[in-house]
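With mmCIF, C-alpha atoms and all ligand atoms inside, this is target19.cif:
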data_target
#
loop_
_atom_site.label_atom_id
_atom_site.label_comp_id
_atom_site.auth_asym_id
_atom_site.auth_seq_id
_atom_site.Cartn_x
_atom_site.Cartn_y
_atom_site.Cartn_z
CA MET A 3 99.13 132.26 123.70
CA LEU A 4 100.21 128.77 122.84
CA THR A 5 102.70 128.06 125.57
CA GLU A 6 102.49 128.38 129.32
CA HIS A 7 106.21 129.25 129.49
CA PRO A 8 106.99 131.55 126.57
CA SER A 9 110.33 132.70 127.95
CA ALA A 10 111.58 129.11 128.06
CA ALA A 11 110.94 128.59 124.32
CA PRO A 12 114.06 127.25 122.56
CA ASP A 13 115.41 129.09 119.52
CA LEU A 14 115.59 127.69 115.99
CA ASP A 15 119.21 126.49 116.26
CA THR A 16 118.38 124.55 119.40
CA LEU A 17 115.34 122.96 117.75
CA THR A 18 117.33 122.03 114.65
CA ALA A 19 120.02 120.39 116.77
CA ARG A 20 117.40 118.55 118.82
CA ALA A 21 115.68 117.22 115.69
CA ALA A 22 118.98 115.89 114.38
CA ALA A 23 119.88 114.30 117.70
CA LEU A 24 116.47 112.64 118.04
CA ASP A 25 116.61 111.31 114.46
CA ASN A 26 120.15 109.99 114.94
CA ALA A 27 119.11 108.08 118.02
CA ASP A 28 115.85 106.79 116.49
CA PRO A 29 115.57 102.98 116.79
CA LEU A 30 112.92 103.02 114.03
CA ALA A 31 114.98 105.04 111.54
CA HIS A 32 115.35 101.93 109.35
CA THR A 33 111.61 101.45 108.79
CA ARG A 34 111.31 104.65 106.72
CA GLU A 35 112.85 102.71 103.82
CA ARG A 36 109.88 100.37 103.96
CA PHE A 37 107.76 103.17 102.44
CA LEU A 38 107.78 104.89 99.07
CA LEU A 39 107.44 108.54 99.98
CA PRO A 40 107.27 111.25 97.30
CA GLU A 41 110.22 113.64 97.04
CA GLY A 42 109.68 117.03 98.62
CA VAL A 43 106.63 116.05 100.67
CA VAL A 44 106.30 115.94 104.45
CA TYR A 45 103.41 113.58 105.00
CA LEU A 46 101.49 114.17 108.22
CA ASP A 47 98.20 112.66 107.11
CA GLY A 48 98.93 108.98 107.71
CA ASN A 49 96.05 109.05 110.20
CA SER A 50 93.70 109.42 107.21
CA LEU A 51 95.50 107.51 104.47
CA GLY A 52 98.79 105.82 105.29
CA ALA A 53 101.72 106.20 102.87
CA LEU A 54 102.51 103.48 100.32
CA PRO A 55 104.59 100.61 101.78
CA ALA A 56 107.41 99.52 99.46
CA ALA A 57 106.23 95.89 99.57
CA VAL A 58 102.82 96.68 98.09
CA PRO A 59 103.50 97.35 94.37
CA ALA A 60 105.27 94.00 93.89
CA ALA A 61 102.58 92.15 95.83
CA LEU A 62 99.86 93.71 93.68
CA GLU A 63 101.79 92.98 90.51
CA ASP A 64 102.00 89.33 91.58
CA ALA A 65 98.34 89.26 92.63
CA VAL A 66 97.20 90.66 89.29
CA HIS A 67 99.49 88.98 86.76
CA ARG A 68 100.40 85.63 88.30
CA GLN A 69 97.59 84.86 90.73
CA TRP A 70 94.66 86.32 88.81
CA GLY A 71 96.04 86.42 85.27
CA THR A 72 97.70 83.01 85.15
CA ASP A 73 96.49 80.86 88.02
CA LEU A 74 92.92 82.15 87.72
CA ILE A 75 90.33 80.29 89.84
CA ARG A 76 93.02 77.87 91.03
CA SER A 77 94.30 80.68 93.26
CA TRP A 78 91.58 80.06 95.85
CA ASN A 79 93.40 76.87 96.85
CA GLY A 80 96.82 77.27 95.24
CA ASN A 81 97.58 80.82 96.33
CA GLY A 82 95.77 80.75 99.66
CA TRP A 83 92.99 83.14 98.72
CA TRP A 84 90.48 81.29 100.88
CA GLU A 85 92.63 81.68 103.99
CA ALA A 86 93.56 85.34 103.31
CA PRO A 87 90.95 86.95 105.62
CA ALA A 88 92.00 84.89 108.66
CA ARG A 89 95.71 84.93 107.76
CA THR A 90 95.70 88.73 107.46
CA GLY A 91 93.58 88.88 110.61
CA ASP A 92 96.25 87.00 112.55
CA ALA A 93 98.97 89.34 111.25
CA LEU A 94 96.84 92.26 112.44
CA GLY A 95 96.19 90.52 115.72
CA ARG A 96 99.86 90.76 116.62
CA LEU A 97 99.59 94.57 116.46
CA ILE A 98 96.50 94.80 118.67
CA GLY A 99 97.28 92.19 121.31
CA ALA A 100 94.99 89.48 119.95
CA ALA A 101 96.11 85.84 119.95
CA PRO A 102 95.59 84.03 116.62
CA GLY A 103 92.08 82.99 115.61
CA GLN A 104 90.20 86.08 116.79
CA VAL A 105 90.59 88.63 113.99
CA VAL A 106 89.27 88.55 110.46
CA ALA A 107 90.02 91.06 107.69
CA GLY A 108 87.57 92.09 104.98
CA ASP A 109 84.75 94.51 104.23
CA THR A 110 84.73 98.08 105.53
CA THR A 111 84.92 99.50 109.02
CA SER A 112 81.28 100.54 108.86
CA VAL A 113 80.19 97.06 107.77
CA GLN A 114 82.29 95.35 110.45
CA LEU A 115 81.01 97.81 113.01
CA PHE A 116 77.39 97.12 112.13
CA ASN A 117 77.92 93.37 112.38
CA THR A 118 79.86 93.28 115.61
CA LEU A 119 77.78 95.92 117.39
CA LEU A 120 74.53 94.20 116.48
CA ALA A 121 75.93 90.77 117.38
CA ALA A 122 77.27 92.13 120.69
CA ALA A 123 73.88 93.62 121.60
CA ARG A 124 72.21 90.30 120.77
CA LEU A 125 74.42 88.68 123.41
CA ARG A 126 72.82 90.86 126.09
CA PRO A 127 69.09 90.34 125.57
CA GLY A 128 66.77 92.19 127.93
CA ARG A 129 69.07 95.18 128.35
CA ARG A 130 67.73 98.39 126.88
CA LEU A 131 70.73 100.71 126.55
CA LEU A 132 73.56 101.11 124.10
CA LEU A 133 76.19 103.67 125.15
CA THR A 134 78.30 105.50 122.65
CA ASP A 135 80.35 108.69 122.48
CA PRO A 136 78.86 111.97 121.21
CA ASP A 137 82.39 112.66 119.93
CA HIS A 138 82.63 109.30 118.18
CA PHE A 139 83.33 109.31 114.43
CA PRO A 140 80.03 110.00 112.63
CA THR A 141 79.70 106.54 111.03
CA ASP A 142 79.99 104.95 114.49
CA GLN A 143 77.14 107.09 115.81
CA TYR A 144 74.92 106.50 112.77
CA ILE A 145 75.42 102.76 112.95
CA ALA A 146 74.79 102.67 116.69
CA ASP A 147 71.49 104.46 116.01
CA SER A 148 70.58 101.94 113.33
CA VAL A 149 71.42 99.01 115.61
CA GLY A 150 69.30 100.69 118.29
CA ARG A 151 66.33 100.93 115.91
CA LEU A 152 66.69 97.33 114.78
CA LEU A 153 66.83 95.89 118.29
CA GLY A 154 64.63 98.43 120.08
CA LEU A 155 67.48 99.81 122.22
CA GLU A 156 67.91 103.35 123.45
CA VAL A 157 71.20 104.78 122.18
CA ARG A 158 72.58 107.13 124.82
CA ARG A 159 75.48 109.42 123.93
CA VAL A 160 77.77 109.72 126.93
CA PRO A 161 81.25 111.28 126.70
CA ALA A 162 84.04 108.77 127.33
CA ARG A 163 85.12 110.45 130.55
CA GLU A 164 81.60 110.08 132.01
CA ALA A 165 80.93 106.58 130.69
CA ALA A 166 82.20 104.68 133.74
CA ALA A 167 79.84 106.61 136.03
CA VAL A 168 76.86 106.05 133.75
CA LEU A 169 77.70 102.35 133.44
CA ALA A 170 77.72 102.08 137.24
CA ALA A 171 74.44 104.00 137.58
CA GLU A 172 72.79 101.93 134.84
CA SER A 173 74.32 98.62 135.87
CA GLY A 174 72.18 95.81 134.52
CA ASN A 175 70.65 98.01 131.80
CA VAL A 176 73.51 98.59 129.40
CA ALA A 177 73.97 95.96 126.70
CA VAL A 178 77.05 97.38 124.98
CA ALA A 179 79.41 100.33 125.40
CA ALA A 180 80.91 101.35 122.03
CA TYR A 181 83.89 103.72 122.17
CA ALA A 182 87.17 104.58 120.49
CA PRO A 183 90.44 104.82 122.43
CA VAL A 184 91.51 107.87 120.41
CA ASP A 185 89.37 110.93 119.67
CA TYR A 186 89.70 111.31 115.89
CA ARG A 187 89.53 115.10 116.12
CA THR A 188 91.68 116.07 119.09
CA GLY A 189 93.87 112.96 119.30
CA GLY A 190 92.93 112.63 122.99
CA LEU A 191 93.51 109.12 124.36
CA HIS A 192 91.00 107.42 126.67
CA ASP A 193 91.80 104.81 129.30
CA MET A 194 90.84 101.54 127.58
CA ALA A 195 91.42 99.40 130.65
CA ALA A 196 89.28 101.54 132.95
CA LEU A 197 86.38 101.73 130.53
CA THR A 198 86.49 98.02 129.69
CA THR A 199 86.46 97.17 133.40
CA ALA A 200 83.58 99.57 134.04
CA ALA A 201 81.56 97.96 131.24
CA HIS A 202 82.18 94.48 132.60
CA GLU A 203 81.31 95.49 136.16
CA ALA A 204 77.96 96.66 134.78
CA GLY A 205 77.53 93.33 132.99
CA ALA A 206 77.85 95.07 129.60
CA LEU A 207 80.05 94.16 126.66
CA MET A 208 82.84 96.46 125.50
CA HIS A 209 83.17 97.32 121.82
CA TRP A 210 86.25 99.26 120.67
CA ASP A 211 86.82 101.07 117.39
CA LEU A 212 90.57 100.99 116.80
CA CYS A 213 90.72 103.06 113.60
CA HIS A 214 93.10 105.61 115.13
CA ALA A 215 94.88 103.15 117.42
CA ALA A 216 95.78 100.09 115.32
CA GLY A 217 99.37 100.51 114.16
CA ALA A 218 99.70 103.75 116.15
CA LEU A 219 100.01 102.55 119.74
CA PRO A 220 100.05 99.31 121.71
CA VAL A 221 96.58 97.85 122.20
CA GLN A 222 96.16 94.72 124.32
CA LEU A 223 92.71 93.43 123.42
CA ASP A 224 93.16 90.01 125.04
CA ALA A 225 94.78 91.34 128.20
CA LEU A 226 92.03 93.95 128.55
CA GLN A 227 89.42 91.25 128.04
CA ALA A 228 87.81 93.42 125.39
CA ASP A 229 84.80 91.73 123.82
CA PHE A 230 84.63 93.13 120.28
CA ALA A 231 86.71 95.53 118.21
CA VAL A 232 86.92 96.84 114.69
CA GLY A 233 89.35 99.07 112.84
CA CYS A 234 90.28 100.19 109.37
CA GLY A 235 93.25 99.08 107.31
CA TYR A 236 94.10 102.32 105.52
CA LYS A 237 95.16 104.68 108.33
CA TYR A 238 98.22 103.80 110.46
CA LEU A 239 98.28 100.30 108.94
CA SER A 240 98.91 101.82 105.48
CA GLY A 241 96.90 99.14 103.65
CA GLY A 242 95.93 101.53 100.82
CA PRO A 243 92.82 103.45 99.76
CA GLY A 244 89.75 101.38 100.57
CA ALA A 245 91.84 98.73 102.35
CA PRO A 246 89.76 96.08 104.11
CA ALA A 247 88.85 96.67 107.73
CA PHE A 248 89.07 94.09 110.51
CA ALA A 249 86.87 92.67 113.23
CA TYR A 250 88.01 91.14 116.53
CA ILE A 251 85.73 88.73 118.32
CA ALA A 252 87.11 87.45 121.61
CA ARG A 253 87.34 83.67 121.52
CA ARG A 254 84.89 83.29 124.42
CA HIS A 255 82.13 84.94 122.32
CA GLN A 256 82.71 83.11 119.06
CA GLN A 257 80.50 80.13 119.85
CA ASP A 258 77.51 82.43 120.46
CA PHE A 259 78.31 85.00 117.79
CA ASP A 260 75.10 85.33 115.79
CA HIS A 261 76.24 87.02 112.58
CA PRO A 262 73.77 89.57 111.24
CA LEU A 263 75.07 89.05 107.69
CA THR A 264 74.92 85.30 107.21
CA GLY A 265 76.89 85.12 103.99
CA TRP A 266 78.14 81.88 102.52
CA HIS A 267 81.82 82.40 103.46
CA GLY A 268 80.86 82.18 107.13
CA HIS A 269 79.19 78.80 106.63
CA ALA A 270 80.64 75.65 108.22
CA GLU A 271 80.71 73.96 104.80
CA PRO A 272 80.50 76.67 102.16
CA PHE A 273 80.92 74.23 99.29
CA ALA A 274 78.24 71.85 100.49
CA MET A 275 75.96 74.52 98.96
CA SER A 276 73.36 73.89 101.60
CA GLY A 277 70.12 75.85 101.53
CA THR A 278 70.34 76.64 105.23
CA TYR A 279 73.00 78.39 107.28
CA THR A 280 75.26 76.59 109.73
CA PRO A 281 77.98 78.88 111.07
CA ALA A 282 81.63 77.85 110.88
CA GLU A 283 83.53 77.18 114.08
CA GLY A 284 85.79 79.90 115.40
CA ILE A 285 86.54 83.26 113.79
CA GLY A 286 85.57 81.82 110.39
CA ARG A 287 81.94 82.54 111.24
CA ALA A 288 82.70 86.26 111.23
CA ARG A 289 83.30 86.11 107.49
CA ILE A 290 80.62 87.28 105.11
CA SER A 291 81.38 86.67 101.47
CA THR A 292 83.97 86.98 98.70
CA PRO A 293 86.49 89.54 99.95
CA PRO A 294 88.08 92.27 97.77
CA LEU A 295 91.18 90.13 97.20
CA LEU A 296 93.39 92.67 95.48
CA SER A 297 92.91 95.07 98.38
CA LEU A 298 93.27 92.30 100.92
CA LEU A 299 96.56 91.09 99.43
CA ALA A 300 97.80 94.69 99.36
CA LEU A 301 96.93 95.06 103.05
CA GLU A 302 98.69 91.80 103.88
CA ALA A 303 101.84 93.02 102.13
CA ALA A 304 101.56 96.44 103.80
CA LEU A 305 101.61 94.84 107.24
CA THR A 306 105.12 93.52 106.59
CA ALA A 307 106.29 97.11 107.26
CA PHE A 308 105.74 96.17 110.93
CA ASP A 309 107.97 93.07 110.73
CA GLY A 310 110.29 92.91 113.73
CA VAL A 311 108.78 96.12 115.13
CA GLU A 312 107.36 96.17 118.66
CA MET A 313 104.38 98.43 119.22
CA THR A 314 106.08 99.81 122.32
CA ALA A 315 108.84 101.18 120.06
CA VAL A 316 106.16 102.67 117.78
CA ARG A 317 104.59 104.33 120.82
CA ASP A 318 107.90 105.75 122.07
CA LYS A 319 108.70 107.24 118.68
CA SER A 320 105.16 108.53 118.20
CA LEU A 321 105.23 110.34 121.56
CA SER A 322 108.63 111.74 120.71
CA LEU A 323 107.25 113.10 117.41
CA THR A 324 104.06 114.57 118.87
CA GLY A 325 105.96 115.96 121.86
CA PHE A 326 108.53 117.56 119.57
CA PHE A 327 105.75 119.00 117.40
CA LEU A 328 104.25 120.68 120.48
CA GLU A 329 107.67 121.95 121.48
CA CYS A 330 108.22 123.46 118.01
CA ALA A 331 104.69 124.90 117.99
CA ASP A 332 105.25 126.53 121.39
CA ALA A 333 108.47 128.09 120.16
CA LEU A 334 107.42 129.13 116.65
CA LEU A 335 103.65 129.66 116.62
CA ASP A 336 103.18 131.58 119.84
CA GLY A 337 100.99 134.65 119.43
CA LEU A 338 99.82 133.63 115.93
CA GLY A 339 96.26 132.68 116.84
CA PHE A 340 96.69 128.95 117.52
CA THR A 341 95.63 126.90 120.51
CA VAL A 342 96.44 123.24 121.15
CA ALA A 343 93.45 120.86 121.16
CA THR A 344 95.50 117.73 121.93
CA PRO A 345 96.28 116.83 125.55
CA ARG A 346 99.85 117.72 126.50
CA ASP A 347 100.03 114.81 128.93
CA PRO A 348 101.68 112.01 126.88
CA LYS A 349 99.53 109.40 128.62
CA ARG A 350 96.44 111.10 127.22
CA ARG A 351 97.70 111.63 123.68
CA GLY A 352 97.27 109.42 120.62
CA SER A 353 99.51 109.75 117.57
CA GLN A 354 98.29 113.09 116.27
CA VAL A 355 98.35 116.75 117.23
CA ALA A 356 95.41 119.01 116.52
CA LEU A 357 95.71 122.79 116.59
CA ARG A 358 92.78 125.17 116.58
CA HIS A 359 92.85 128.25 114.39
CA PRO A 360 89.92 130.22 112.92
CA GLU A 361 91.50 129.95 109.47
CA ALA A 362 92.16 126.20 109.67
CA TYR A 363 91.04 125.35 106.15
CA PRO A 364 93.07 127.94 104.19
CA LEU A 365 96.10 127.28 106.40
CA VAL A 366 96.02 123.55 105.65
CA ALA A 367 95.46 124.23 101.95
CA ALA A 368 98.40 126.67 101.80
CA LEU A 369 100.60 124.22 103.72
CA THR A 370 99.71 121.42 101.30
CA ALA A 371 100.72 123.66 98.39
CA ARG A 372 104.15 123.92 100.08
CA GLY A 373 104.46 120.13 100.36
CA VAL A 374 103.42 119.72 104.00
CA ILE A 375 100.32 117.55 104.06
CA GLY A 376 97.98 117.47 107.04
CA ASP A 377 94.23 117.89 107.05
CA MET A 378 91.47 119.82 108.76
CA ARG A 379 88.25 118.99 110.53
CA ALA A 380 85.50 121.59 110.63
CA PRO A 381 85.21 124.13 111.92
CA ASP A 382 88.67 125.07 113.13
CA LEU A 383 90.99 122.07 113.61
CA LEU A 384 94.28 121.52 111.80
CA ARG A 385 95.21 117.83 112.23
CA PHE A 386 98.68 116.40 111.93
CA GLY A 387 99.12 112.62 112.18
CA PHE A 388 102.48 111.01 112.92
CA ASN A 389 103.24 107.53 111.65
CA ALA A 390 106.28 106.45 113.65
CA LEU A 391 107.44 104.12 110.89
CA TYR A 392 108.24 106.93 108.44
CA VAL A 393 108.03 110.43 109.95
CA THR A 394 111.21 112.13 111.22
CA HIS A 395 111.78 114.87 113.77
CA ALA A 396 113.43 116.99 111.09
CA GLU A 397 110.17 116.80 109.13
CA VAL A 398 108.22 117.84 112.20
CA LEU A 399 110.35 120.96 112.58
CA HIS A 400 110.08 121.68 108.85
CA ALA A 401 106.27 121.39 109.02
CA VAL A 402 105.97 123.83 111.93
CA ARG A 403 108.36 126.27 110.26
CA GLU A 404 106.28 126.16 107.08
CA LEU A 405 103.11 126.74 109.08
CA GLN A 406 104.80 129.72 110.76
CA ALA A 407 105.86 131.06 107.35
CA VAL A 408 102.34 130.70 105.93
CA VAL A 409 100.57 132.36 108.81
CA THR A 410 103.04 135.23 109.21
CA SER A 411 103.14 135.99 105.46
CA GLY A 412 99.38 135.65 105.03
CA ALA A 413 99.98 133.26 102.09
CA HIS A 414 96.82 131.37 103.08
CA ARG A 415 94.68 134.42 102.27
CA ALA A 416 95.25 133.88 98.54
CA PRO A 417 91.97 133.18 96.68
CA GLU A 418 92.98 129.64 95.63
CA PHE A 419 93.01 128.51 99.27
CA GLN A 420 89.49 129.70 100.13
CA GLU A 421 87.37 127.22 98.14
CA ARG A 422 86.78 123.95 99.99
CA PRO A 423 86.82 120.75 97.91
CA THR A 424 84.59 117.77 98.77
CA VAL A 425 87.24 116.02 100.87
CA THR A 426 89.06 118.00 103.53
C1 LIG B 501 88.22 106.41 109.75
C2 LIG B 501 87.15 105.94 110.65
C3 LIG B 501 86.04 105.25 110.16
C4 LIG B 501 85.87 105.05 108.68
O1 LIG B 501 84.88 104.13 108.35
P1 LIG B 501 84.87 103.49 106.88
O2 LIG B 501 83.78 102.50 106.93
O3 LIG B 501 86.23 102.89 106.67
O4 LIG B 501 84.65 104.58 105.90
C5 LIG B 501 85.11 104.78 111.07
N1 LIG B 501 85.26 104.98 112.40
C6 LIG B 501 86.32 105.65 112.91
C7 LIG B 501 86.47 105.83 114.38
C8 LIG B 501 87.29 106.17 112.05
O5 LIG B 501 88.32 106.83 112.55
#

Would you mind giving the structure from this file in structure tokens?
Amino acid sequence: MLTEHPSAAPDLDTLTARAAALDNADPLAHTRERFLLPEGVVYLDGNSLGALPAAVPAALEDAVHRQWGTDLIRSWNGNGWWEAPARTGDALGRLIGAAPGQVVAGDTTSVQLFNTLLAAARLRPGRRLLLTDPDHFPTDQYIADSVGRLLGLEVRRVPAREAAAVLAAESGNVAVAAYAPVDYRTGGLHDMAALTTAAHEAGALMHWDLCHAAGALPVQLDALQADFAVGCGYKYLSGGPGAPAFAYIARRHQQDFDHPLTGWHGHAEPFAMSGTYTPAEGIGRARISTPPLLSLLALEAALTAFDGVEMTAVRDKSLSLTGFFLECADALLDGLGFTVATPRDPKRRGSQVALRHPEAYPLVAALTARGVIGDMRAPDLLRFGFNALYVTHAEVLHAVRELQAVVTSGAHRAPEFQERPTVT
């Protein structure tokens, strides 16, 4: 059974009225117009690829035709291409509690992760352990292992909830703890402040992966005294497919940041064309080389969807959406083979809801065919992500009703929903 209190489940009329009331009172109702959403689609996969912000097509048109086509190489100075990584980094910094001059945009999450994790570990010589989460996104675990091999560190996989105890027991031995605030599968939220404090008490550095947090909930990197962070631009930040990622390096570490990829854009005087590397001052030394400018300019334009929006308002709306999804699921999916994988306690929930069902893949495929887009993670999770800037409560109810219709009719048993494509 899905709900602990089945008799208290509201009926459909009550849920419909509640959705309307919540949408009418939504302080972020106006930001939906900042996105170009396809007709007839309920999009609950913004935690994998954010929807298209309305500002992006015009920005790309300008980047291609005027900046590239007409201004050509002059754009590096004339159109601010050189400053774009740090400028976009500062715009991102506002969303993750980082004062200007500590975030740079460019490259991919995996590349930024490799650089910052390796550089962090180099700041703690003589310590033999690197802690990471066995439930961390695969790329984060693979890269931690590679960093471990390069520096001769033991990579120990410790679940987030046990990490503080292990840090205390191994005080003096841990170089870096590398975790994510949000579990990408269940949407469970970890206590960033507690884990950062535990790392520091053990003399270790704290590295956060914000892929499922940036743009989804308030993150206060400076206030937490986090050391390093990375995150991608294409999930809740809606920067587009392959959008550049970002890296945060706390100001106090910048002077000693020894960049593993000493590319020419991180040089103090890139156009002196020196044969030896002298790192730039400040966050500029976290740069590598020529960034993918079209993607970077698209990301910069995408971030304007957050103009005038406080992350606390995003969080309130997000919790309202996920809470309402759970309420609808309790009322409409009870007894249909689902269980809830996401914590019900709002303080422990990110911006997604994951349901378990043995037929997760065909259910998601059949739902997609009906215009409700979520995704699945093997073996049995259906994931629904809620971007507070464009998802409505009415859509949440519609999605759960469609899921109920699919599972009760058996529509997902049709042959076309059994074959898994490469990307799920
Ligand atoms: C999405 C995600 C990634 C993706 O890495 P890419 O280099 O952008 O492919 C990495 N880590 C986490 C935690 C993620 O959620």

Given 7 Å and all atoms listed in the file, residues near ligand LIG 501 (chain B) as a list in words: Ser50, Thr110, Thr111, Ser112, Val113, His138, Phe139, Thr141, Asp142, Ala182, Tyr186, Asp211, Leu212, Cys213, His214, Cys234 and Ala247 of chain A

Restricting it to C-alpha atoms, dump the selection as a compact mmCIF listing (two decimals), in the frame of the given file.
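Below is the file part.txt, written as the result:
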# COMPACT_ATOMS: atom_id res chain seq x y z
CA SER A 50 93.70 109.42 107.21
CA THR A 110 84.73 98.08 105.53
CA THR A 111 84.92 99.50 109.02
CA SER A 112 81.28 100.54 108.86
CA VAL A 113 80.19 97.06 107.77
CA HIS A 138 82.63 109.30 118.18
CA PHE A 139 83.33 109.31 114.43
CA THR A 141 79.70 106.54 111.03
CA ASP A 142 79.99 104.95 114.49
CA ALA A 182 87.17 104.58 120.49
CA TYR A 186 89.70 111.31 115.89
CA ASP A 211 86.82 101.07 117.39
CA LEU A 212 90.57 100.99 116.80
CA CYS A 213 90.72 103.06 113.60
CA HIS A 214 93.10 105.61 115.13
CA CYS A 234 90.28 100.19 109.37
CA ALA A 247 88.85 96.67 107.73

So that I can check the surroundings of Gly190 (chain A), please list as an mmCIF file with C-alpha atoms, in the frame of the given file every protein, DNA and RNA residue that reaches within 6 Å of it, counting only C-alpha atoms and ignoring chain neighbours fewer than 5 positions away.
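Output file part05.cif is given in full below:
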data_model
loop_
_atom_site.group_PDB
_atom_site.id
_atom_site.type_symbol
_atom_site.label_atom_id
_atom_site.label_comp_id
_atom_site.auth_asym_id
_atom_site.auth_seq_id
_atom_site.Cartn_x
_atom_site.Cartn_y
_atom_site.Cartn_z
ATOM 1 C CA VAL A 184 91.510 107.870 120.410
ATOM 2 C CA ASP A 185 89.370 110.930 119.670
ATOM 3 C CA THR A 344 95.500 117.730 121.930
ATOM 4 C CA PRO A 345 96.280 116.830 125.550
ATOM 5 C CA ARG A 350 96.440 111.100 127.220
ATOM 6 C CA ARG A 351 97.700 111.630 123.680
ATOM 7 C CA GLY A 352 97.270 109.420 120.620
#

Using all atoms listed in the file: which of A:Leu191, A:Ala196, A:Ala333, A:Ile75 has the shortest distance to Ala215 (chain A): A:Leu191

Among the residues A:Val232, A:Leu328, A:Val178, A:Ala367, the one that comes closest to Gly91 (chain A) [using all atoms listed in the file]: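 Among A:Val232, A:Leu328, A:Val178, A:Ala367, it is A:Val232 that comes nearest to Gly91 (chain A).
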
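The residues that lie within 10 Å of the point (88.1, 103.3, 125.6), counting all atoms listed in the file, are Asp135, Ala162, Arg163, Ala165, Ala179, Ala180, Tyr181, Ala182, Pro183, Val184, Asp185, Leu191, His192, Asp193, Met194, Ala195, Ala196, Leu197, Thr198, Met208, His209, Trp210, Asp211, Leu212 and Ala228 of chain A.
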
Among listed residues A:Ala65, A:Leu46, A:Ala413, A:Val316, nearest Gly82 (chain A) (using all atoms listed in the file):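 The answer is A:Ala65, which sits nearest to Gly82 (chain A).
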
Of the listed residues A:Val176, A:Ala60, A:Val366, A:Val393, that which approaches Gln420 (chain A) most closely, counting only C-alpha atoms: A:Val366

Pairwise distance for CA of Ala331 (chain A) and CA of Pro220 (chain A), rounded to one decimal in Å: 26.3 Å

Interface rows for region 128-247 of chain A against region 258-265 of chain A: nearest pair, Å to one decimal, 12 Å, all atoms listed in the file, as CSV:
residue,atom,partner,partner_atom,distance
A:Val149,CA,A:Pro262,CA,10.7
A:Leu152,CA,A:Pro262,CA,11.1
A:Leu153,CA,A:Pro262,CA,11.7
A:Asp229,CA,A:Phe259,CA,11.1
A:Phe230,CA,A:Phe259,CA,10.6

Residue among A:Thr188, A:Ala274, A:Gly310, A:Ala53 lying closest to Leu383 (chain A), counting all atoms listed in the file: A:Thr188

Residues near Gly150 (chain A), cut-off 10 Å, all atoms listed in the file, skip fewer than 4 positions along chain, as a compact mmCIF listing (two decimals) with C-alpha atoms, keeping the file's coordinate frame:
# COMPACT_ATOMS: atom_id res chain seq x y z
CA LEU A 119 77.78 95.92 117.39
CA LEU A 120 74.53 94.20 116.48
CA ALA A 123 73.88 93.62 121.60
CA ARG A 130 67.73 98.39 126.88
CA LEU A 131 70.73 100.71 126.55
CA LEU A 132 73.56 101.11 124.10
CA TYR A 144 74.92 106.50 112.77
CA ILE A 145 75.42 102.76 112.95
CA ALA A 146 74.79 102.67 116.69
CA GLY A 154 64.63 98.43 120.08
CA LEU A 155 67.48 99.81 122.22
CA GLU A 156 67.91 103.35 123.45
CA VAL A 157 71.20 104.78 122.18
CA ARG A 158 72.58 107.13 124.82

From A:Ile285, A:Leu369, A:Phe326, A:Leu223, residue lying nearest Phe419 (chain A) [only C-alpha atoms]: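 Using only C-alpha atoms, Phe419 (chain A) sits closest to A:Leu369.
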
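Put simply, CA of Gly71 (chain A) is 21.5 Å away from CA of Ala245 (chain A).
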
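Here CA of Arg379 (chain A) stands at a distance of 10.2 Å from CA of Val425 (chain A).
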
Centre and edge lengths, as AutoDock Vina command-line options, for the axis-aligned box enclosing every listed atom of region 282-301 of chain A with 4 Å of padding on each of the six sides, in Å to one decimal?
--center_x 89.2 --center_y 86.1 --center_z 105.4 --size_x 25.2 --size_y 25.9 --size_z 27.9

Arg89 (chain A) environment, 12 Å, all atoms listed in the file, sequence neighbours closer than 2 positions dropped, as an MDAnalysis selection string: chainID A and resid 82:87 91:96 102:108 248 285:286 298:299 301:303 305
